[in-house]
>>> print(open('data.csv').read())   # CSV, C-alpha atoms
chain,number,residue,atom,x,y,z
A,1,MET,CA,0.0,0.0,0.0
A,2,SER,CA,1.3,3.4,-0.9
A,3,LEU,CA,2.2,5.9,1.8
A,4,LEU,CA,0.8,8.8,-0.4
A,5,THR,CA,-1.9,8.2,-3.0
A,6,VAL,CA,-3.1,11.0,-5.3
A,7,ARG,CA,-5.6,10.0,-8.0
A,8,GLY,CA,-7.8,12.1,-10.3
A,9,LEU,CA,-6.9,15.2,-8.4
A,10,THR,CA,-8.4,18.5,-9.6
A,11,ALA,CA,-8.2,21.9,-8.0
A,12,SER,CA,-8.9,25.6,-8.9
A,13,TYR,CA,-7.9,29.1,-7.9
A,14,GLY,CA,-11.4,30.7,-7.8
A,15,PRO,CA,-12.9,30.3,-11.2
A,16,SER,CA,-9.6,29.2,-12.8
A,17,GLN,CA,-9.0,25.5,-12.8
A,18,ALA,CA,-5.3,24.6,-12.3
A,19,LEU,CA,-5.3,20.8,-11.9
A,20,PHE,CA,-7.2,18.5,-14.3
A,21,GLY,CA,-6.3,15.1,-13.1
A,22,VAL,CA,-3.1,14.5,-11.2
A,23,ASP,CA,-2.1,10.9,-10.4
A,24,LEU,CA,0.9,9.9,-8.3
A,25,ALA,CA,1.9,7.4,-5.6
A,26,ILE,CA,4.8,7.2,-3.2
A,27,ASN,CA,5.8,4.1,-1.3
A,28,GLU,CA,7.7,4.0,2.0
A,29,GLY,CA,11.3,4.8,1.4
A,30,GLU,CA,10.8,5.9,-2.2
A,31,VAL,CA,12.0,9.1,-3.8
A,32,LEU,CA,9.6,10.5,-6.5
A,33,ALA,CA,10.5,13.3,-8.8
A,34,LEU,CA,7.5,15.5,-9.8
A,35,MET,CA,8.5,17.1,-13.1
A,36,GLY,CA,7.2,19.5,-15.8
A,37,ARG,CA,7.7,22.9,-17.3
A,38,ASN,CA,6.9,26.0,-15.3
A,39,GLY,CA,3.2,26.6,-14.7
A,40,MET,CA,2.2,23.0,-15.3
A,41,GLY,CA,0.8,22.4,-11.8
A,42,LYS,CA,3.7,21.1,-9.7
A,43,SER,CA,3.6,23.6,-6.9
A,44,THR,CA,-0.2,23.6,-7.0
A,45,THR,CA,-0.2,19.8,-6.5
A,46,ILE,CA,2.0,20.3,-3.5
A,47,LYS,CA,-0.3,23.0,-2.1
A,48,VAL,CA,-3.2,20.6,-2.3
A,49,ILE,CA,-1.3,17.8,-0.7
A,50,CYS,CA,-0.3,20.0,2.2
A,51,GLY,CA,-3.8,21.5,2.7
A,52,MET,CA,-3.0,25.0,1.5
A,53,LEU,CA,-5.4,24.7,-1.4
A,54,ALA,CA,-8.6,22.7,-1.4
A,55,ALA,CA,-9.1,19.9,-3.9
A,56,SER,CA,-12.1,20.0,-6.1
A,57,ASP,CA,-12.2,16.3,-6.7
A,58,GLY,CA,-10.1,13.2,-6.6
A,59,VAL,CA,-8.5,10.9,-4.0
A,60,LEU,CA,-5.8,12.3,-1.7
A,61,GLU,CA,-4.7,9.8,1.0
A,62,PHE,CA,-1.7,9.6,3.3
A,63,ALA,CA,-1.0,6.6,5.6
A,64,GLY,CA,-4.7,5.7,5.4
A,65,SER,CA,-6.0,9.2,6.2
A,66,ASP,CA,-8.1,11.2,3.8
A,67,LEU,CA,-6.2,14.5,3.5
A,68,ARG,CA,-9.2,16.3,1.9
A,69,ARG,CA,-10.8,16.2,5.3
A,70,LEU,CA,-7.9,17.8,7.2
A,71,LYS,CA,-6.4,21.3,7.6
A,72,SER,CA,-2.8,22.0,6.9
A,73,HIS,CA,-1.6,21.8,10.5
A,74,GLN,CA,-3.3,18.4,10.9
A,75,ILE,CA,-1.6,17.2,7.7
A,76,ALA,CA,1.8,18.3,9.0
A,77,ARG,CA,1.2,16.4,12.2
A,78,LEU,CA,0.4,13.2,10.3
A,79,GLY,CA,4.0,13.3,9.1
A,80,ILE,CA,4.3,15.5,5.9
A,81,GLY,CA,7.2,17.9,6.1
A,82,LEU,CA,7.3,20.7,3.5
A,83,VAL,CA,10.3,22.6,2.3
A,84,PRO,CA,8.5,25.4,0.4
A,85,GLU,CA,9.6,27.2,-2.7
A,86,GLY,CA,11.3,30.4,-1.6
A,87,ARG,CA,12.5,28.9,1.7
A,88,ARG,CA,10.3,31.2,3.9
A,89,CYS,CA,12.5,31.0,7.0
A,90,PHE,CA,11.5,33.0,10.1
A,91,ALA,CA,13.8,36.0,9.4
A,92,PRO,CA,13.8,37.6,12.9
A,93,LEU,CA,14.6,34.2,14.6
A,94,THR,CA,18.0,32.6,15.0
A,95,VAL,CA,18.9,29.4,13.3
A,96,GLU,CA,18.3,27.4,16.5
A,97,GLU,CA,15.0,29.2,17.1
A,98,ASN,CA,13.8,28.4,13.6
A,99,LEU,CA,14.6,24.7,14.2
A,100,THR,CA,13.2,24.6,17.7
A,101,ALA,CA,9.9,26.2,16.6
A,102,ALA,CA,9.2,23.3,14.3
A,103,ALA,CA,10.4,20.5,16.5
A,104,ARG,CA,8.3,17.4,17.1
A,105,PRO,CA,9.2,14.2,19.0
A,106,GLY,CA,11.4,11.8,17.0
A,107,ASP,CA,14.9,11.1,15.9
A,108,TRP,CA,15.5,14.4,14.3
A,109,ASP,CA,16.8,17.1,16.7
A,110,PHE,CA,19.3,20.0,16.4
A,111,ALA,CA,22.3,17.8,16.7
A,112,LYS,CA,21.2,15.5,13.9
A,113,VAL,CA,20.3,18.4,11.6
A,114,ALA,CA,23.7,19.9,12.4
A,115,GLN,CA,25.4,16.6,11.3
A,116,LEU,CA,23.6,16.9,8.0
A,117,PHE,CA,24.3,20.6,7.6
A,118,PRO,CA,27.4,21.5,9.8
A,119,ARG,CA,27.1,25.1,8.6
A,120,LEU,CA,23.9,25.5,10.6
A,121,ALA,CA,25.8,24.6,13.8
A,122,GLU,CA,28.3,27.3,13.0
A,123,ARG,CA,25.4,29.8,12.4
A,124,ARG,CA,23.4,28.6,15.4
A,125,THR,CA,22.9,32.1,17.0
A,126,GLN,CA,22.6,34.1,13.8
A,127,LYS,CA,19.3,35.4,12.7
A,128,ALA,CA,17.9,33.7,9.6
A,129,ALA,CA,17.8,37.1,7.8
A,130,SER,CA,21.6,37.3,7.9
A,131,LEU,CA,22.2,33.9,6.2
A,132,SER,CA,23.1,33.4,2.6
A,133,GLY,CA,20.5,31.9,0.3
A,134,GLY,CA,22.2,28.5,0.5
A,135,GLU,CA,22.3,28.6,4.2
A,136,GLN,CA,18.6,29.6,4.3
A,137,GLN,CA,17.8,26.6,2.1
A,138,MET,CA,19.7,24.3,4.5
A,139,LEU,CA,17.7,25.9,7.4
A,140,ALA,CA,14.4,25.3,5.5
A,141,ILE,CA,15.3,21.6,5.0
A,142,GLY,CA,16.4,21.3,8.6
A,143,ARG,CA,13.2,22.9,9.9
A,144,ALA,CA,11.1,20.4,7.9
A,145,LEU,CA,13.2,17.5,9.2
A,146,MET,CA,12.7,18.7,12.8
A,147,THR,CA,9.0,17.9,12.4
A,148,ASN,CA,10.2,14.2,12.0
A,149,PRO,CA,8.2,13.6,8.8
A,150,ARG,CA,7.4,10.3,7.1
A,151,LEU,CA,7.3,12.2,3.8
A,152,LEU,CA,9.6,15.1,3.0
A,153,ILE,CA,8.4,17.4,0.2
A,154,LEU,CA,11.0,19.6,-1.5
A,155,ASP,CA,9.7,22.3,-3.8
A,156,GLU,CA,12.5,23.7,-6.0
A,157,ALA,CA,15.1,23.2,-3.2
A,158,THR,CA,18.1,24.1,-5.4
A,159,GLU,CA,16.6,26.9,-7.4
A,160,GLY,CA,18.7,30.1,-7.6
A,161,LEU,CA,21.6,28.6,-5.6
A,162,ALA,CA,25.3,28.6,-6.6
A,163,PRO,CA,26.5,25.3,-8.2
A,164,VAL,CA,28.6,24.4,-5.2
A,165,VAL,CA,25.7,24.9,-2.8
A,166,ARG,CA,23.3,23.0,-5.1
A,167,GLN,CA,25.7,20.0,-4.8
A,168,GLU,CA,25.7,20.3,-1.0
A,169,ILE,CA,21.9,20.1,-1.1
A,170,TRP,CA,21.8,17.2,-3.5
A,171,ALA,CA,24.4,15.3,-1.3
A,172,ALA,CA,22.2,15.9,1.7
A,173,ILE,CA,19.1,14.6,-0.1
A,174,ALA,CA,21.1,11.5,-1.2
A,175,GLN,CA,22.2,11.0,2.4
A,176,LEU,CA,18.6,11.2,3.6
A,177,LYS,CA,17.6,8.5,1.0
A,178,SER,CA,20.4,6.1,1.8
A,179,GLN,CA,20.5,6.5,5.6
A,180,THR,CA,17.0,7.2,6.7
A,181,GLY,CA,14.6,5.4,4.4
A,182,MET,CA,12.5,8.5,4.4
A,183,SER,CA,10.0,9.0,1.6
A,184,ILE,CA,10.7,12.1,-0.5
A,185,LEU,CA,8.8,14.0,-3.1
A,186,VAL,CA,11.1,16.4,-5.0
A,187,VAL,CA,10.4,19.1,-7.5
A,188,ASP,CA,13.4,20.3,-9.5
A,189,LYS,CA,14.5,21.0,-13.0
A,190,THR,CA,18.0,19.4,-13.0
A,191,LEU,CA,17.6,16.0,-14.6
A,192,LYS,CA,21.1,14.9,-14.0
A,193,GLU,CA,20.8,15.1,-10.2
A,194,LEU,CA,17.2,13.9,-10.1
A,195,ALA,CA,18.3,10.8,-12.1
A,196,GLN,CA,20.8,10.0,-9.4
A,197,ILE,CA,18.4,10.0,-6.4
A,198,ALA,CA,14.8,9.5,-7.7
A,199,ASP,CA,13.3,6.0,-8.1
A,200,HIS,CA,10.3,7.1,-10.2
A,201,ALA,CA,9.0,10.2,-11.8
A,202,VAL,CA,5.7,11.8,-12.7
A,203,ILE,CA,5.5,14.4,-15.4
A,204,LEU,CA,2.7,17.0,-15.3
A,205,ASN,CA,1.6,18.9,-18.4
A,206,ARG,CA,-1.2,21.5,-18.2
A,207,GLY,CA,-2.3,20.3,-14.8
A,208,GLN,CA,-2.5,16.6,-15.4
A,209,SER,CA,-0.2,13.6,-15.2
A,210,VAL,CA,1.0,12.6,-18.7
A,211,TRP,CA,3.8,10.2,-17.9
A,212,THR,CA,4.7,8.0,-14.9
A,213,GLY,CA,7.6,5.6,-14.7
A,214,ARG,CA,11.1,4.8,-13.5
A,215,MET,CA,13.7,7.5,-13.9
A,216,ASP,CA,15.8,5.2,-16.1
A,217,ALA,CA,12.8,4.9,-18.5
A,218,LEU,CA,12.7,8.6,-19.1
A,219,THR,CA,13.7,8.9,-22.8
A,220,PRO,CA,15.2,12.0,-24.6
A,221,ASP,CA,12.0,12.2,-26.6
A,222,LEU,CA,9.9,12.5,-23.4
A,223,THR,CA,12.2,15.1,-22.0
A,224,ASP,CA,12.1,17.1,-25.2
A,225,GLN,CA,8.3,16.9,-25.4
A,226,TYR,CA,7.4,17.7,-21.8
A,227,LEU,CA,10.5,19.2,-20.1
A,228,GLY,CA,12.4,21.1,-22.9
A,229,VAL,CA,12.3,24.8,-23.3
>>> encode(input="data.csv", output="structure tokens")
Amino acid sequence: MSLLTVRGLTASYGPSQALFGVDLAINEGEVLALMGRNGMGKSTTIKVICGMLAASDGVLEFAGSDLRRLKSHQIARLGIGLVPEGRRCFAPLTVEENLTAAARPGDWDFAKVAQLFPRLAERRTQKAASLSGGEQQMLAIGRALMTNPRLLILDEATEGLAPVVRQEIWAAIAQLKSQTGMSILVVDKTLKELAQIADHAVILNRGQSVWTGRMDALTPDLTDQYLGV
């Protein structure tokens, strides 16, 4: 049984329909890449999963619970940790305060996050507003991990970062996969890195799933058709 099941998902922003039938499933310990050009519904799908936008129709289940019946804070408590696009750290709070504010019981604590991202330990008492973009991204990931999620969702976690920082983020994601068995849903545009960590991929086009399969089955024709500029 899948940890997360999304089937026939539709959603709208007021009178404007954005999702027309999204299907995806993530099993325990699996990494799924959600792919597609800009504006095709990836972030909207994440908003619906996390309860920030209501679904119009479809199945949305996590660990046996119907997410359509729950509010966003209830969904988070079920075990879904979100690293949102744009980071959205609490700027006036220190690194430690950002992490502590999100903490829930479990294996992940400040020490374990600091092992994954040593730079956060070095910046422990600095306010989030003073961090570089890469450090803020590490903090956003650490904050989500402090909720001790069963499913970690990363929405454009490497966007706008310097190449060396992007590699640090990808290395951390690979470490999470290999050492924790955590399920991960990742949205990103870098095929090379996604191919190294993702087990399966779902491609969205105009608000609906148009391809699902293993990453190694993603052909150049498919990438040109649905992911190319």
>>> atom_distance(input="data.csv", atom1="atom CA of Asn38 of chain A", atom2="atom CA of Glu159 of chain A")
12.5 Å
>>> closest_residue(input="data.csv", among="A:Arg104, A:Arg150, A:Arg166, A:Arg88", to="Ala128 of chain A", atoms="all atoms listed in the file")
A:Arg88
>>> closest_residue(input="data.csv", among="A:Ala121, A:Arg37, A:Gly81, A:Ala54", to="Arg69 of chain A", atoms="only C-alpha atoms")
A:Ala54
>>> closest_residue(input="data.csv", among="A:Leu139, A:Ala102, A:Leu227, A:Ala195", to="Arg124 of chain A", atoms="all atoms listed in the file")
A:Leu139
>>> closest_residue(input="data.csv", among="A:Ala172, A:Leu70, A:Ala140, A:Val31", to="Ile197 of chain A", atoms="all atoms listed in the file")
A:Val31
>>> atom_distance(input="data.csv", atom1="atom CA of Arg119 of chain A", atom2="atom CA of Leu154 of chain A")
19.8 Å
>>> residues_around(input="data.csv", residues="Thr212 of chain A", least_positions_apart="6", cutoff="9 Å", atoms="only C-alpha atoms", output="ChimeraX atom specification")
/A:23-24,200-203
>>> closest_residue(input="data.csv", among="A:Asp66, A:Asp224, A:Asp57, A:Glu85", to="Leu4 of chain A", atoms="all atoms listed in the file")
A:Asp66
>>> closest_residue(input="data.csv", among="A:Arg87, A:Arg123, A:Lys47, A:Arg77", to="Arg143 of chain A", atoms="all atoms listed in the file")
A:Arg87
>>> residues_around(input="data.csv", residues="Gly36 of chain A", least_positions_apart="5", cutoff="12 Å", atoms="only C-alpha atoms", output="count of residues only")
31
>>> atom_distance(input="data.csv", atom1="atom CA of Val113 of chain A", atom2="atom CA of Leu161 of chain A")
20.0 Å
>>> residues_near_point(input="data.csv", point="(20.6, 39.3, 9.0)", cutoff="12 Å", atoms="only C-alpha atoms", output="PDB file with C-alpha atoms, in the coordinates of the input")
ATOM      1  CA  CYS A  89      12.500  31.000   7.000  1.00  0.00           C
ATOM      2  CA  PHE A  90      11.500  33.000  10.100  1.00  0.00           C
ATOM      3  CA  ALA A  91      13.800  36.000   9.400  1.00  0.00           C
ATOM      4  CA  PRO A  92      13.800  37.600  12.900  1.00  0.00           C
ATOM      5  CA  LEU A  93      14.600  34.200  14.600  1.00  0.00           C
ATOM      6  CA  THR A  94      18.000  32.600  15.000  1.00  0.00           C
ATOM      7  CA  VAL A  95      18.900  29.400  13.300  1.00  0.00           C
ATOM      8  CA  ARG A 123      25.400  29.800  12.400  1.00  0.00           C
ATOM      9  CA  THR A 125      22.900  32.100  17.000  1.00  0.00           C
ATOM     10  CA  GLN A 126      22.600  34.100  13.800  1.00  0.00           C
ATOM     11  CA  LYS A 127      19.300  35.400  12.700  1.00  0.00           C
ATOM     12  CA  ALA A 128      17.900  33.700   9.600  1.00  0.00           C
ATOM     13  CA  ALA A 129      17.800  37.100   7.800  1.00  0.00           C
ATOM     14  CA  SER A 130      21.600  37.300   7.900  1.00  0.00           C
ATOM     15  CA  LEU A 131      22.200  33.900   6.200  1.00  0.00           C
ATOM     16  CA  SER A 132      23.100  33.400   2.600  1.00  0.00           C
ATOM     17  CA  GLY A 133      20.500  31.900   0.300  1.00  0.00           C
ATOM     18  CA  GLU A 135      22.300  28.600   4.200  1.00  0.00           C
ATOM     19  CA  GLN A 136      18.600  29.600   4.300  1.00  0.00           C
TER      20      GLN A 136
END
>>> residues_around(input="data.csv", residues="Gly14 of chain A", least_positions_apart="6", cutoff="12 Å", atoms="only C-alpha atoms", output="ChimeraX atom specification")
/A:53-56
>>> residues_around(input="data.csv", residues="Cys50 of chain A", least_positions_apart="2", cutoff="8 Å", atoms="only C-alpha atoms", output="NGL selection string")
:A and (46-48 or 52-53 or 72 or 75-76 or 80 or 82)
>>> residues_around(input="data.csv", residues="Gly64 of chain A", least_positions_apart="6", cutoff="12 Å", atoms="all atoms listed in the file", output="PyMOL selection string")
chain A and resi 1-5+78
>>> decode(input="data.csv", residues="segment 73-107 of chain A", atoms="N, CA and C atoms", output="PDB file, in the first residue's frame")
ATOM      1  N   HIS A  73      -2.340  22.147   9.271  1.00  0.00           N
ATOM      2  CA  HIS A  73      -1.574  21.798  10.475  1.00  0.00           C
ATOM      3  C   HIS A  73      -1.812  20.343  10.877  1.00  0.00           C
ATOM      4  N   GLN A  74      -3.010  19.830  10.585  1.00  0.00           N
ATOM      5  CA  GLN A  74      -3.291  18.423  10.872  1.00  0.00           C
ATOM      6  C   GLN A  74      -2.515  17.509   9.927  1.00  0.00           C
ATOM      7  N   ILE A  75      -2.382  17.934   8.685  1.00  0.00           N
ATOM      8  CA  ILE A  75      -1.617  17.169   7.695  1.00  0.00           C
ATOM      9  C   ILE A  75      -0.151  17.117   8.099  1.00  0.00           C
ATOM     10  N   ALA A  76       0.379  18.241   8.560  1.00  0.00           N
ATOM     11  CA  ALA A  76       1.775  18.274   9.011  1.00  0.00           C
ATOM     12  C   ALA A  76       1.984  17.308  10.175  1.00  0.00           C
ATOM     13  N   ARG A  77       1.032  17.259  11.090  1.00  0.00           N
ATOM     14  CA  ARG A  77       1.166  16.376  12.247  1.00  0.00           C
ATOM     15  C   ARG A  77       1.077  14.905  11.861  1.00  0.00           C
ATOM     16  N   LEU A  78       0.449  14.607  10.730  1.00  0.00           N
ATOM     17  CA  LEU A  78       0.408  13.223  10.261  1.00  0.00           C
ATOM     18  C   LEU A  78       1.780  12.733   9.828  1.00  0.00           C
ATOM     19  N   GLY A  79       2.656  13.696   9.454  1.00  0.00           N
ATOM     20  CA  GLY A  79       3.999  13.293   9.054  1.00  0.00           C
ATOM     21  C   GLY A  79       4.419  13.754   7.677  1.00  0.00           C
ATOM     22  N   ILE A  80       3.884  14.883   7.215  1.00  0.00           N
ATOM     23  CA  ILE A  80       4.326  15.465   5.948  1.00  0.00           C
ATOM     24  C   ILE A  80       5.086  16.750   6.249  1.00  0.00           C
ATOM     25  N   GLY A  81       6.359  16.764   5.886  1.00  0.00           N
ATOM     26  CA  GLY A  81       7.200  17.928   6.101  1.00  0.00           C
ATOM     27  C   GLY A  81       7.469  18.639   4.791  1.00  0.00           C
ATOM     28  N   LEU A  82       7.210  19.929   4.736  1.00  0.00           N
ATOM     29  CA  LEU A  82       7.333  20.699   3.500  1.00  0.00           C
ATOM     30  C   LEU A  82       8.522  21.654   3.559  1.00  0.00           C
ATOM     31  N   VAL A  83       9.328  21.617   2.513  1.00  0.00           N
ATOM     32  CA  VAL A  83      10.345  22.639   2.271  1.00  0.00           C
ATOM     33  C   VAL A  83       9.808  23.488   1.127  1.00  0.00           C
ATOM     34  N   PRO A  84       9.218  24.636   1.425  1.00  0.00           N
ATOM     35  CA  PRO A  84       8.490  25.385   0.397  1.00  0.00           C
ATOM     36  C   PRO A  84       9.413  26.098  -0.578  1.00  0.00           C
ATOM     37  N   GLU A  85       8.904  26.347  -1.751  1.00  0.00           N
ATOM     38  CA  GLU A  85       9.624  27.173  -2.716  1.00  0.00           C
ATOM     39  C   GLU A  85       9.823  28.566  -2.103  1.00  0.00           C
ATOM     40  N   GLY A  86      11.039  29.093  -2.212  1.00  0.00           N
ATOM     41  CA  GLY A  86      11.314  30.400  -1.639  1.00  0.00           C
ATOM     42  C   GLY A  86      11.773  30.364  -0.194  1.00  0.00           C
ATOM     43  N   ARG A  87      11.934  29.164   0.374  1.00  0.00           N
ATOM     44  CA  ARG A  87      12.527  28.941   1.712  1.00  0.00           C
ATOM     45  C   ARG A  87      11.628  29.370   2.860  1.00  0.00           C
ATOM     46  N   ARG A  88      11.256  30.661   2.923  1.00  0.00           N
ATOM     47  CA  ARG A  88      10.319  31.166   3.930  1.00  0.00           C
ATOM     48  C   ARG A  88      10.754  30.866   5.362  1.00  0.00           C
ATOM     49  N   CYS A  89      12.013  31.110   5.644  1.00  0.00           N
ATOM     50  CA  CYS A  89      12.494  30.994   7.022  1.00  0.00           C
ATOM     51  C   CYS A  89      11.921  32.143   7.851  1.00  0.00           C
ATOM     52  N   PHE A  90      11.911  31.966   9.169  1.00  0.00           N
ATOM     53  CA  PHE A  90      11.458  33.028  10.067  1.00  0.00           C
ATOM     54  C   PHE A  90      12.619  34.000  10.262  1.00  0.00           C
ATOM     55  N   ALA A  91      12.620  35.078   9.489  1.00  0.00           N
ATOM     56  CA  ALA A  91      13.770  35.979   9.387  1.00  0.00           C
ATOM     57  C   ALA A  91      14.258  36.542  10.722  1.00  0.00           C
ATOM     58  N   PRO A  92      13.360  36.957  11.648  1.00  0.00           N
ATOM     59  CA  PRO A  92      13.843  37.558  12.897  1.00  0.00           C
ATOM     60  C   PRO A  92      14.406  36.553  13.893  1.00  0.00           C
ATOM     61  N   LEU A  93      14.166  35.249  13.663  1.00  0.00           N
ATOM     62  CA  LEU A  93      14.608  34.225  14.611  1.00  0.00           C
ATOM     63  C   LEU A  93      15.994  33.711  14.244  1.00  0.00           C
ATOM     64  N   THR A  94      16.696  33.221  15.242  1.00  0.00           N
ATOM     65  CA  THR A  94      18.001  32.620  14.994  1.00  0.00           C
ATOM     66  C   THR A  94      17.821  31.258  14.324  1.00  0.00           C
ATOM     67  N   VAL A  95      18.939  30.718  13.862  1.00  0.00           N
ATOM     68  CA  VAL A  95      18.921  29.379  13.276  1.00  0.00           C
ATOM     69  C   VAL A  95      18.335  28.375  14.262  1.00  0.00           C
ATOM     70  N   GLU A  96      18.828  28.391  15.491  1.00  0.00           N
ATOM     71  CA  GLU A  96      18.338  27.441  16.492  1.00  0.00           C
ATOM     72  C   GLU A  96      16.862  27.646  16.790  1.00  0.00           C
ATOM     73  N   GLU A  97      16.429  28.900  16.853  1.00  0.00           N
ATOM     74  CA  GLU A  97      15.015  29.175  17.129  1.00  0.00           C
ATOM     75  C   GLU A  97      14.127  28.711  15.982  1.00  0.00           C
ATOM     76  N   ASN A  98      14.571  28.877  14.742  1.00  0.00           N
ATOM     77  CA  ASN A  98      13.822  28.377  13.593  1.00  0.00           C
ATOM     78  C   ASN A  98      13.616  26.872  13.697  1.00  0.00           C
ATOM     79  N   LEU A  99      14.668  26.174  14.070  1.00  0.00           N
ATOM     80  CA  LEU A  99      14.590  24.718  14.156  1.00  0.00           C
ATOM     81  C   LEU A  99      13.750  24.271  15.352  1.00  0.00           C
ATOM     82  N   THR A 100      13.946  24.927  16.478  1.00  0.00           N
ATOM     83  CA  THR A 100      13.204  24.556  17.689  1.00  0.00           C
ATOM     84  C   THR A 100      11.714  24.802  17.528  1.00  0.00           C
ATOM     85  N   ALA A 101      11.361  25.862  16.822  1.00  0.00           N
ATOM     86  CA  ALA A 101       9.945  26.194  16.640  1.00  0.00           C
ATOM     87  C   ALA A 101       9.185  25.095  15.912  1.00  0.00           C
ATOM     88  N   ALA A 102       9.891  24.332  15.077  1.00  0.00           N
ATOM     89  CA  ALA A 102       9.233  23.293  14.283  1.00  0.00           C
ATOM     90  C   ALA A 102       9.332  21.908  14.906  1.00  0.00           C
ATOM     91  N   ALA A 103      10.062  21.786  16.002  1.00  0.00           N
ATOM     92  CA  ALA A 103      10.417  20.470  16.535  1.00  0.00           C
ATOM     93  C   ALA A 103       9.202  19.673  16.994  1.00  0.00           C
ATOM     94  N   ARG A 104       9.217  18.403  16.610  1.00  0.00           N
ATOM     95  CA  ARG A 104       8.256  17.429  17.104  1.00  0.00           C
ATOM     96  C   ARG A 104       9.037  16.196  17.555  1.00  0.00           C
ATOM     97  N   PRO A 105       8.461  15.375  18.443  1.00  0.00           N
ATOM     98  CA  PRO A 105       9.199  14.226  18.964  1.00  0.00           C
ATOM     99  C   PRO A 105       9.643  13.278  17.854  1.00  0.00           C
ATOM    100  N   GLY A 106      10.845  12.762  18.000  1.00  0.00           N
ATOM    101  CA  GLY A 106      11.369  11.824  17.025  1.00  0.00           C
ATOM    102  C   GLY A 106      12.881  11.856  16.977  1.00  0.00           C
ATOM    103  N   ASP A 107      13.453  11.182  15.985  1.00  0.00           N
ATOM    104  CA  ASP A 107      14.903  11.058  15.872  1.00  0.00           C
ATOM    105  C   ASP A 107      15.584  12.369  15.512  1.00  0.00           C
TER     106      ASP A 107
END
